[in-house]
$ cat target_38.txt   # compact mmCIF, C-alpha atoms
# COMPACT_ATOMS: atom_id res chain seq x y z
CA MET D 244 78.77 -66.11 -9.39
CA LEU D 245 75.85 -64.47 -7.60
CA SER D 246 75.54 -60.70 -7.30
CA PRO D 247 75.53 -59.21 -3.78
CA ASP D 248 72.28 -59.07 -1.91
CA VAL D 249 71.63 -55.41 -2.64
CA THR D 250 68.38 -54.24 -4.20
CA PRO D 251 67.92 -50.83 -5.85
CA GLU D 252 66.93 -48.25 -3.28
CA PRO D 253 63.69 -46.36 -3.93
CA GLU D 254 64.34 -42.97 -5.43
CA GLY D 255 64.83 -40.35 -2.75
CA HIS D 256 65.67 -42.85 0.00
CA ARG D 257 68.70 -41.92 2.11
CA LEU D 258 70.36 -43.82 4.93
CA SER D 259 71.05 -42.04 8.18
CA LEU D 260 74.52 -42.00 9.75
CA ALA D 261 73.47 -44.63 12.29
CA GLU D 262 72.17 -46.85 9.50
CA HIS D 263 75.45 -46.44 7.57
CA LEU D 264 77.43 -47.40 10.66
CA GLY D 265 75.17 -50.39 11.29
CA GLU D 266 75.61 -51.54 7.71
CA LEU D 267 79.39 -51.13 7.98
CA ARG D 268 79.47 -53.08 11.24
CA SER D 269 77.49 -55.99 9.82
CA ARG D 270 79.73 -56.24 6.77
CA LEU D 271 82.91 -56.03 8.85
CA LEU D 272 81.53 -58.81 11.02
CA ARG D 273 81.01 -60.99 7.96
CA CYS D 274 84.56 -60.31 6.79
CA THR D 275 85.91 -61.18 10.24
CA LEU D 276 83.97 -64.44 10.38
CA ALA D 277 85.23 -65.38 6.91
CA VAL D 278 88.82 -64.69 7.96
CA LEU D 279 88.42 -66.77 11.14
CA VAL D 280 86.81 -69.75 9.41
CA LEU D 281 89.30 -69.81 6.54
CA GLY D 282 92.12 -69.09 8.99
CA ILE D 283 91.30 -72.28 10.89
CA LEU D 284 91.44 -74.15 7.59
CA GLY D 285 94.80 -72.52 6.82
CA LEU D 286 96.08 -73.48 10.27
CA VAL D 287 95.69 -77.16 9.35
CA PHE D 288 98.13 -76.69 6.47
CA SER D 289 100.25 -74.00 8.12
CA ARG D 290 103.52 -75.96 8.10
CA PRO D 291 103.64 -76.68 4.33
CA ILE D 292 102.42 -73.14 3.66
CA PHE D 293 105.23 -71.77 5.82
CA GLY D 294 107.74 -73.92 3.94
CA ALA D 295 106.51 -72.55 0.63
CA LEU D 296 106.64 -68.95 1.89
CA MET D 297 110.21 -69.38 3.12
CA ARG D 298 111.51 -70.97 -0.09
CA PRO D 299 112.78 -67.66 -1.59
CA VAL D 300 114.61 -66.95 1.69
CA LEU D 301 116.23 -70.37 1.97
CA GLU D 302 117.25 -70.52 -1.69
CA ALA D 303 119.16 -67.26 -1.27
CA LEU D 304 121.31 -68.77 1.52
CA PRO D 305 124.47 -70.83 0.94
CA PRO D 306 123.72 -74.58 0.59
CA GLY D 307 125.10 -75.44 4.02
CA GLN D 308 123.18 -72.70 5.84
CA ARG D 309 119.63 -73.13 4.54
CA SER D 310 117.77 -73.15 7.83
CA LEU D 311 115.86 -70.77 10.07
CA ILE D 312 116.15 -70.50 13.83
CA TYR D 313 113.70 -69.73 16.62
CA THR D 314 114.68 -67.89 19.77
CA SER D 315 111.98 -69.07 22.15
CA GLY D 316 110.05 -72.23 22.85
CA ILE D 317 106.74 -70.85 21.57
CA GLU D 318 108.06 -68.93 18.54
CA GLU D 319 107.46 -71.83 16.16
CA LEU D 320 103.87 -72.19 17.40
CA ASN D 321 103.28 -68.45 17.07
CA VAL D 322 104.66 -68.50 13.54
CA LEU D 323 102.36 -71.34 12.48
CA MET D 324 99.33 -69.56 13.98
CA LYS D 325 100.31 -66.38 12.16
CA VAL D 326 100.57 -68.33 8.91
CA GLY D 327 97.07 -69.68 9.46
CA LEU D 328 95.67 -66.20 10.13
CA TYR D 329 97.23 -64.67 7.03
CA ALA D 330 96.13 -67.65 4.97
CA GLY D 331 92.61 -66.83 6.10
CA ILE D 332 93.05 -63.23 4.96
CA PHE D 333 94.33 -64.32 1.56
CA LEU D 334 91.58 -66.89 1.06
CA SER D 335 88.83 -64.51 2.16
CA THR D 336 89.77 -61.85 -0.42
CA PRO D 337 86.65 -62.57 -2.56
CA VAL D 338 84.44 -62.29 0.54
CA ILE D 339 86.03 -58.99 1.56
CA LEU D 340 85.59 -57.58 -1.95
CA TRP D 341 82.01 -58.86 -2.01
CA GLN D 342 81.18 -57.05 1.21
CA LEU D 343 82.97 -53.90 0.02
CA TRP D 344 80.86 -53.86 -3.12
CA GLY D 345 77.71 -54.47 -1.12
CA PHE D 346 78.53 -51.48 1.11
CA VAL D 347 79.17 -48.99 -1.71
CA SER D 348 76.62 -50.28 -4.22
CA PRO D 349 73.72 -48.13 -2.88
CA GLY D 350 75.61 -45.12 -4.25
CA LEU D 351 75.68 -46.57 -7.76
CA TYR D 352 73.10 -46.42 -10.51
CA PRO D 353 70.98 -49.57 -10.90
CA THR D 354 72.68 -50.29 -14.24
CA GLU D 355 76.09 -50.17 -12.54
CA ARG D 356 75.22 -52.56 -9.76
CA ARG D 357 75.29 -55.52 -12.12
CA TYR D 358 79.08 -55.27 -12.24
CA ALA D 359 79.34 -56.97 -8.84
CA ALA D 360 80.60 -60.28 -10.22
CA PRO D 361 83.30 -58.68 -12.44
CA PHE D 362 84.41 -56.50 -9.53
CA VAL D 363 84.84 -59.46 -7.18
CA ALA D 364 86.47 -61.67 -9.82
CA LEU D 365 88.87 -59.00 -11.10
CA GLY D 366 89.68 -57.88 -7.57
CA SER D 367 90.55 -61.42 -6.50
CA LEU D 368 92.66 -61.99 -9.62
CA ALA D 369 94.44 -58.67 -9.14
CA PHE D 370 95.30 -59.54 -5.55
CA LEU D 371 96.60 -62.96 -6.59
CA ALA D 372 98.59 -61.39 -9.44
CA GLY D 373 100.23 -58.96 -7.02
CA ALA D 374 101.11 -61.72 -4.56
CA ALA D 375 102.46 -63.91 -7.39
CA PHE D 376 104.61 -61.05 -8.73
CA CYS D 377 106.01 -60.52 -5.25
CA TYR D 378 106.70 -64.23 -4.67
CA PHE D 379 108.24 -65.13 -8.02
CA VAL D 380 109.97 -61.85 -8.99
CA LEU D 381 110.53 -59.50 -6.06
CA LEU D 382 111.35 -61.88 -3.19
CA PRO D 383 114.07 -63.95 -4.95
CA THR D 384 115.83 -60.82 -6.21
CA MET D 385 115.54 -59.05 -2.87
CA PHE D 386 116.78 -61.91 -0.73
CA ARG D 387 119.66 -62.64 -3.09
CA PHE D 388 120.75 -59.03 -2.61
CA LEU D 389 120.25 -59.14 1.17
CA LEU D 390 121.74 -62.54 1.95
CA THR D 391 124.32 -63.13 -0.77
CA GLY D 392 127.49 -61.29 0.12
CA GLU D 393 130.66 -60.80 -1.88
CA SER D 394 132.03 -64.11 -0.54
CA ALA D 395 129.22 -66.21 -2.02
CA PRO D 396 130.86 -66.78 -5.44
CA VAL D 397 134.16 -67.68 -3.76
CA GLN D 398 132.35 -70.06 -1.43
CA ALA D 399 130.62 -71.75 -4.35
CA ARG D 400 133.92 -72.28 -6.17
CA VAL D 401 135.70 -73.57 -3.07
CA GLU D 402 132.87 -76.01 -2.26
CA GLN D 403 132.87 -77.32 -5.83
CA ALA D 404 136.67 -77.71 -5.73
CA GLN D 405 136.47 -79.57 -2.40
CA ALA D 406 133.93 -82.00 -3.82
CA ARG D 407 136.13 -82.72 -6.85
CA GLU D 408 139.24 -82.90 -4.66
CA ALA D 409 137.70 -85.82 -2.75
CA GLU D 410 137.24 -87.69 -6.04
CA VAL D 411 140.79 -86.89 -7.12
CA LEU D 412 142.12 -88.44 -3.90
CA ARG D 413 140.01 -91.53 -4.50
CA LEU D 414 141.64 -91.88 -7.91
CA VAL D 415 145.03 -91.58 -6.22
CA SER D 416 144.13 -94.31 -3.72
CA LEU D 417 143.26 -96.58 -6.66
CA GLY D 418 146.64 -95.89 -8.28
CA ALA D 419 145.10 -93.98 -11.21
CA PHE D 420 147.70 -91.22 -10.99
CA ASP D 421 147.25 -90.04 -14.60
CA ARG D 422 143.49 -89.52 -14.24
CA ALA D 423 143.96 -87.96 -10.81
CA ALA D 424 146.47 -85.45 -12.20
CA GLU D 425 144.17 -84.62 -15.13
CA GLN D 426 141.20 -84.00 -12.84
CA ALA D 427 143.37 -81.99 -10.45
CA THR D 428 144.44 -79.65 -13.26
CA VAL D 429 140.84 -79.18 -14.44
CA THR D 430 139.63 -78.49 -10.90
CA GLN D 431 142.42 -76.03 -10.17
CA THR D 432 141.71 -74.16 -13.41
CA ALA D 433 138.01 -73.89 -12.52
CA LEU D 434 138.88 -72.71 -9.03
CA HIS D 435 140.96 -69.83 -10.36
CA ALA D 436 138.80 -68.98 -13.36
CA SER D 437 138.43 -65.27 -14.08
CA GLY D 438 135.23 -63.42 -13.31
CA ASP D 439 133.00 -63.34 -10.24
CA GLY D 440 134.17 -65.56 -7.46
CA GLN D 441 137.81 -65.67 -8.54
CA VAL D 442 140.11 -67.24 -5.98
CA ALA D 443 143.45 -65.49 -5.92
CA GLY D 444 146.71 -67.29 -6.48
CA ASP D 445 147.62 -70.62 -8.02
CA GLY D 446 148.31 -72.52 -4.82
CA ALA D 447 152.08 -72.49 -5.29
CA GLN D 448 152.75 -69.60 -2.91
CA GLN D 449 153.57 -70.04 0.74
CA ALA D 450 150.69 -70.33 3.19
CA SER D 451 149.37 -66.93 4.18
CA GLY D 452 147.55 -67.56 7.44
CA THR D 453 146.47 -69.96 10.16
CA VAL D 454 143.49 -71.21 8.17
CA ASP D 455 145.67 -71.76 5.10
CA ARG D 456 148.34 -73.70 7.02
CA GLN D 457 145.82 -75.82 8.89
CA ALA D 458 144.03 -76.62 5.64
CA ARG D 459 147.31 -77.58 3.94
CA PHE D 460 148.31 -79.76 6.86
CA GLN D 461 144.99 -81.62 6.75
CA ALA D 462 145.21 -81.92 2.95
CA LEU D 463 148.68 -83.40 3.26
CA GLY D 464 147.26 -86.04 5.59
CA ARG D 465 144.53 -86.92 3.08
CA LEU D 466 147.11 -87.20 0.29
CA PHE D 467 149.32 -89.34 2.53
CA ASP D 468 146.42 -91.75 3.26
CA ALA D 469 145.53 -91.99 -0.45
CA MET D 470 149.13 -92.76 -1.40
CA HIS D 471 149.41 -95.36 1.36
CA ALA D 472 146.33 -97.11 0.00
CA ALA D 473 147.74 -97.01 -3.54
CA LEU D 474 151.31 -98.13 -2.84
CA GLY D 475 150.79 -100.52 0.05
CA PRO D 476 153.88 -102.05 1.73
CA SER D 477 156.12 -101.19 -1.24
CA GLY D 478 155.98 -97.49 -0.46
CA ALA D 479 156.16 -97.77 3.31
CA ALA D 480 159.80 -96.63 3.60
CA ALA D 481 159.32 -93.46 1.54
CA LEU D 482 156.05 -92.63 3.23
CA ARG D 483 157.66 -93.14 6.64
CA LYS D 484 160.16 -90.37 5.82
CA ALA D 485 157.29 -88.17 4.60
CA MET D 486 155.47 -88.84 7.85
CA ASP D 487 158.52 -87.73 9.86
CA ARG D 488 158.56 -84.38 8.04
CA ARG D 489 154.78 -84.02 8.54
CA MET D 490 155.23 -84.48 12.29
CA THR D 491 157.95 -81.81 12.17
CA ALA D 492 155.44 -79.51 10.46
CA LEU D 493 152.91 -80.25 13.20
CA ASP D 494 155.39 -79.34 15.93
CA ALA D 495 156.23 -76.11 14.12
CA LEU D 496 152.54 -75.23 13.74
CA GLN D 497 151.88 -75.76 17.43
CA THR D 498 154.86 -73.63 18.47
CA GLY D 499 154.06 -70.81 16.05
CA HIS D 500 157.08 -71.30 13.72
CA ASP D 501 155.16 -70.67 10.50
CA SER D 502 158.08 -70.64 8.07
CA ALA D 503 159.44 -73.90 9.42
CA ALA D 504 155.99 -75.45 9.18
CA ASP D 505 155.64 -74.36 5.54
CA ALA D 506 159.03 -75.79 4.62
CA ALA D 507 158.40 -79.10 6.42
CA MET D 508 155.00 -79.55 4.70
CA GLU D 509 156.52 -78.97 1.26
CA GLU D 510 159.34 -81.42 2.00
CA SER D 511 156.84 -84.00 3.19
CA ALA D 512 154.72 -83.51 0.03
CA ALA D 513 157.82 -83.92 -2.13
CA LEU D 514 158.67 -87.20 -0.39
CA VAL D 515 155.08 -88.41 -0.91
CA ALA D 516 155.32 -87.59 -4.62
CA GLY D 517 158.72 -89.28 -4.81
CA ALA D 518 157.21 -92.47 -3.45
CA ALA D 519 155.21 -92.73 -6.72
CA GLY D 520 158.45 -93.07 -8.68
CA ALA D 521 158.05 -92.18 -12.36
CA GLN D 522 154.55 -90.86 -11.69
CA GLY D 523 155.71 -88.43 -9.03
CA GLY D 524 154.91 -85.50 -11.32
CA GLU D 525 151.23 -86.50 -11.39
CA VAL D 526 151.14 -86.69 -7.59
CA ALA D 527 152.79 -83.25 -7.43
CA ARG D 528 149.93 -81.87 -9.54
CA VAL D 529 147.48 -83.32 -7.05
CA TRP D 530 149.38 -81.57 -4.25
CA ALA D 531 149.14 -78.31 -6.23
CA LEU D 532 145.35 -78.73 -6.17
CA GLU D 533 145.48 -79.31 -2.42
CA ARG D 534 147.42 -76.07 -1.97
CA ALA D 535 144.97 -74.18 -4.17
CA VAL D 536 141.95 -75.45 -2.21
CA ALA D 537 143.65 -74.50 1.06
CA SER D 538 144.31 -70.99 -0.29
CA GLY D 539 140.66 -70.77 -1.31
CA GLN D 540 139.57 -71.73 2.19
CA HIS D 541 141.82 -69.01 3.60
CA GLN D 542 140.39 -66.40 1.25
CA LEU D 543 136.85 -67.51 2.09
CA ALA D 544 137.55 -67.26 5.83
CA ALA D 545 138.92 -63.74 5.31
CA GLU D 546 135.88 -62.56 3.33
CA ALA D 547 133.03 -64.47 4.99
CA TRP D 548 133.50 -63.13 8.52
CA THR D 549 129.74 -62.72 8.98
CA ARG D 550 126.87 -65.07 8.26
CA PRO D 551 123.12 -64.63 8.62
CA LEU D 552 121.11 -66.19 11.44
CA LEU D 553 117.51 -65.71 10.37
CA THR D 554 114.61 -66.18 12.75
CA MET D 555 111.34 -67.73 11.65
CA SER D 556 109.22 -64.86 12.96
CA GLU D 557 111.16 -62.01 11.38
CA GLN D 558 111.39 -63.60 7.94
CA LEU D 559 107.72 -64.55 7.94
CA SER D 560 106.70 -61.00 8.89
CA LEU D 561 108.82 -59.56 6.09
CA VAL D 562 107.50 -61.98 3.46
CA LEU D 563 103.87 -61.52 4.49
CA LEU D 564 104.23 -57.73 4.56
CA LEU D 565 105.56 -57.69 1.01
CA LEU D 566 102.96 -60.19 -0.25
CA LEU D 567 100.11 -58.15 1.21
CA ALA D 568 101.62 -54.88 0.00
CA LEU D 569 101.93 -56.09 -3.60
CA GLY D 570 98.48 -57.65 -3.48
CA ILE D 571 96.95 -54.37 -2.30
CA ILE D 572 98.98 -52.36 -4.83
CA PHE D 573 97.58 -54.45 -7.67
CA GLU D 574 94.08 -53.58 -6.41
CA LEU D 575 94.77 -49.89 -7.04
CA PRO D 576 93.26 -49.72 -10.56
CA LEU D 577 90.08 -51.38 -9.34
CA VAL D 578 89.76 -49.03 -6.35
CA MET D 579 90.35 -45.98 -8.55
CA ALA D 580 87.73 -47.23 -11.00
CA LEU D 581 85.27 -47.72 -8.13
CA LEU D 582 85.92 -44.21 -6.80
CA ALA D 583 85.43 -42.82 -10.29
CA ALA D 584 82.15 -44.72 -10.62
CA LEU D 585 80.97 -43.15 -7.34
CA GLY D 586 82.02 -39.71 -8.56
CA ILE D 587 84.52 -39.26 -5.71
CA VAL D 588 87.51 -38.75 -8.03
CA LYS D 589 87.81 -37.39 -11.55
CA SER D 590 90.21 -38.50 -14.24
CA ARG D 591 91.27 -34.87 -14.80
CA PHE D 592 92.32 -34.62 -11.16
CA LEU D 593 94.27 -37.87 -11.38
CA MET D 594 96.03 -36.76 -14.58
CA ARG D 595 96.87 -33.34 -13.15
CA TYR D 596 98.67 -34.85 -10.17
CA GLN D 597 100.29 -37.66 -12.11
CA ARG D 598 103.85 -36.49 -11.39
CA HIS D 599 103.06 -36.14 -7.71
CA ALA D 600 101.65 -39.68 -7.70
CA ILE D 601 104.86 -41.03 -9.24
CA VAL D 602 106.91 -39.34 -6.51
CA VAL D 603 104.60 -40.78 -3.84
CA CYS D 604 104.95 -44.26 -5.40
CA LEU D 605 108.74 -43.98 -5.26
CA ILE D 606 108.64 -42.85 -1.63
CA VAL D 607 106.26 -45.65 -0.60
CA ALA D 608 108.36 -48.20 -2.50
CA ALA D 609 111.51 -46.95 -0.75
CA ILE D 610 109.79 -47.33 2.64
CA ILE D 611 108.41 -50.82 1.95
CA THR D 612 111.49 -52.23 0.22
CA PRO D 613 114.00 -53.39 2.86
CA THR D 614 116.94 -53.14 0.46
CA GLY D 615 118.65 -49.97 -0.71
CA ASP D 616 119.46 -51.00 -4.29
CA ALA D 617 117.85 -49.50 -7.36
CA VAL D 618 116.80 -52.86 -8.85
CA ASN D 619 114.52 -53.88 -5.97
CA LEU D 620 113.26 -50.32 -5.62
CA MET D 621 112.12 -50.32 -9.24
CA LEU D 622 110.62 -53.80 -8.88
CA MET D 623 108.41 -52.32 -6.18
CA ALA D 624 107.82 -48.86 -7.64
CA GLY D 625 107.28 -50.03 -11.24
CA PRO D 626 104.08 -52.00 -10.55
CA MET D 627 102.78 -49.18 -8.34
CA ILE D 628 103.21 -46.61 -11.11
CA ALA D 629 101.77 -48.99 -13.71
CA CYS D 630 98.74 -49.68 -11.50
CA TYR D 631 98.19 -45.95 -11.01
CA GLU D 632 98.27 -45.37 -14.77
CA LEU D 633 95.79 -48.21 -15.29
CA GLY D 634 93.56 -46.64 -12.64
CA VAL D 635 93.67 -43.29 -14.45
CA LEU D 636 92.72 -45.00 -17.71
CA ALA D 637 89.87 -46.91 -16.01
CA ALA D 638 88.54 -43.70 -14.41
CA TRP D 639 88.59 -41.92 -17.79
CA LEU D 640 86.75 -44.78 -19.48
CA ILE D 641 84.10 -44.87 -16.74
CA GLU D 642 83.54 -41.10 -16.94
CA ARG D 643 83.26 -41.32 -20.71
CA ARG D 644 80.70 -44.11 -20.42
CA LYS D 645 78.69 -42.21 -17.80
CA THR D 646 78.69 -39.09 -19.98
CA ARG D 647 77.51 -41.07 -23.00
CA ASN D 648 74.76 -42.77 -20.97
CA ALA D 649 73.60 -39.42 -19.61
CA ALA D 650 73.45 -37.98 -23.11
CA GLU D 651 71.44 -40.93 -24.38
CA THR D 652 69.03 -40.61 -21.46
CA ALA D 653 68.54 -36.90 -22.14
CA LEU D 654 67.73 -37.55 -25.79
CA THR D 655 65.26 -40.35 -25.03
CA PRO D 656 61.69 -38.94 -25.21
CA VAL D 657 59.58 -39.33 -22.09
CA GLY D 658 56.54 -41.61 -22.48
$ encode --input "target_38.txt" --output "structure tokens"
Amino acid sequence: MLSPDVTPEPEGHRLSLAEHLGELRSRLLRCTLAVLVLGILGLVFSRPIFGALMRPVLEALPPGQRSLIYTSGIEELNVLMKVGLYAGIFLSTPVILWQLWGFVSPGLYPTERRYAAPFVALGSLAFLAGAAFCYFVLLPTMFRFLLTGESAPVQARVEQAQAREAEVLRLVSLGAFDRAAEQATVTQTALHASGDGQVAGDGAQQASGTVDRQARFQALGRLFDAMHAALGPSGAAALRKAMDRRMTALDALQTGHDSAADAAMEESAALVAGAAGAQGGEVARVWALERAVASGQHQLAAEAWTRPLLTMSEQLSLVLLLLLALGIIFELPLVMALLAALGIVKSRFLMRYQRHAIVVCLIVAAIITPTGDAVNLMLMAGPMIACYELGVLAAWLIERRKTRNAAETALTPVG
């Protein structure tokens, strides 16, 4: 890696204010051109980059809701252009650090100017490390807290039970009543397992709401169809009676007679089980699973009364803000070391106000972090405090080296 195009200034040479401003303008122009050129390159790959950036957001959503919306016809285009621009900023980090070093290097000793390559390399790596920490550690934890409500474990259990319920009914349609009953018992036990996501009840209680009754009515129809496929014409008479009671339940549901509907559905289910003859007990266990799944759907409907609708623009802005913030935070030790090398800050000053710096880090972390929980706050504040401590250590080491070099210079005889 080449060192920046800065030659040692003749001793006693000083730049005027206008010259400093001209130098700053030229270096800012170079940074802007680098961002624009690399931004155009990022625009070509903006869609896959956007998909990668949104992965922590989408993975925190329930499986059936993993999508983002846009609220205007040009929002998607604006989002992709924004992705390209920020990709240019990320890719031009070495160029920005290069120009920063070139601007401040006239204030350094000639022996210190050779650290240009380490400064650019370490600065780029620090920025990437901060962005990687944000992407792989902070964002998944934060979005799980923001988007995963109390109903998420219940929803996961109900969805798993519904998937297994479909297979149980297929076993019933094939006449494998023993295997169907065994799988029904296993599924019902998993649905009501203790711990997070527990679904209340065992499915044997009466229906407790419109969602519960509608779900039981539909489940009874699925069980009826499976039994009809299994028994064929031999069970037509028994199933016809069960169908009459199911139609009675439908009339009761439509007229608001809930108790009558519950009783008619249970009678219909009993007739369906009776059609299996000696294996009616196995079919009854399948019906118990159907009741349990219906109760789970009712509980889920009661708890999950809100769901997120996330826009592309808002989520991208949040993710990019956090990525840039963590990338800049990880640059803190390098910036502090540079300021110490220029003599702008002293390690004693940094150590004296260490407690104040920790408080400032906590405040900044609380402002940046969109969640209010302690875990995400510490995930943001912890790296900030650690970077500050590393900066203090780097400043102390630089001052110690400068003092030792000055002492050696003073002891070296002239001529």
$ residues_near_point --input "target_38.txt" --point "(87.1, -65.5, 9.3)" --cutoff "12 Å" --atoms "all atoms listed in the file" --output "NGL selection string"
:D and (271-285 or 327-336 or 338-339)
$ atom_distance --input "target_38.txt" --atom1 "atom CA of Gln457 of chain D" --atom2 "atom CA of Trp530 of chain D"
14.8 Å
$ residues_around --input "target_38.txt" --residues "Asp494 of chain D" --least-positions-apart "3" --cutoff "12 Å" --atoms "only C-alpha atoms" --output "list in words"
Phe460, Asp487, Arg488, Arg489, Met490, Thr491, Gln497, Thr498, Gly499, His500, Asp501, Ala503, Ala504, Asp505, Ala507 and Met508 of chain D
$ atom_distance --input "target_38.txt" --atom1 "atom CA of Ser416 of chain D" --atom2 "atom CA of Ala404 of chain D"
18.3 Å
$ atom_distance --input "target_38.txt" --atom1 "atom CA of Ser315 of chain D" --atom2 "atom CA of Gln558 of chain D"
15.2 Å
$ residues_around --input "target_38.txt" --residues "Arg298 of chain D" --least-positions-apart "6" --cutoff "10 Å" --atoms "all atoms listed in the file" --output "ChimeraX atom specification"
/D:309,378,382-383
$ residues_around --input "target_38.txt" --residues "Pro613 of chain D" --least-positions-apart "4" --cutoff "10 Å" --atoms "only C-alpha atoms" --output "MDAnalysis selection string"
chainID D and resid 385:386 389 561 565 608:609 619:620
$ closest_residue --input "target_38.txt" --among "D:Cys630, D:Leu414, D:Arg595, D:Leu582" --to "Ser348 of chain D" --atoms "all atoms listed in the file"
D:Leu582
$ closest_residue --input "target_38.txt" --among "D:Ala364, D:Ala638, D:Val588, D:Met324" --to "Trp341 of chain D" --atoms "only C-alpha atoms"
D:Ala364
$ closest_residue --input "target_38.txt" --among "D:Gln461, D:Thr432, D:Gln405, D:Thr314" --to "Arg528 of chain D" --atoms "all atoms listed in the file"
D:Thr432
$ residues_around --input "target_38.txt" --residues "Ala624 of chain D" --least-positions-apart "3" --cutoff "12 Å" --atoms "all atoms listed in the file" --output "PyMOL selection string"
chain D and resi 381+568-569+572-573+600-612+617-621+627-631
$ closest_residue --input "target_38.txt" --among "D:Asp421, D:Glu318, D:Glu533, D:Glu574" --to "Leu368 of chain D" --atoms "all atoms listed in the file"
D:Glu574
$ closest_residue --input "target_38.txt" --among "D:Gln398, D:Ser502, D:Gln426, D:Thr646" --to "Leu543 of chain D" --atoms "all atoms listed in the file"
D:Gln398
$ residues_around --input "target_38.txt" --residues "Leu365 of chain D" --least-positions-apart "6" --cutoff "12 Å" --atoms "only C-alpha atoms" --output "list in words"
Thr336, Pro337, Leu340, Trp341, Tyr358, Ala359, Leu371, Ala372, Phe573, Glu574, Leu575, Pro576, Leu577, Val578 and Ala580 of chain D
$ closest_residue --input "target_38.txt" --among "D:Phe388, D:Ala537, D:Arg400, D:Glu557" --to "Leu304 of chain D" --atoms "all atoms listed in the file"
D:Phe388
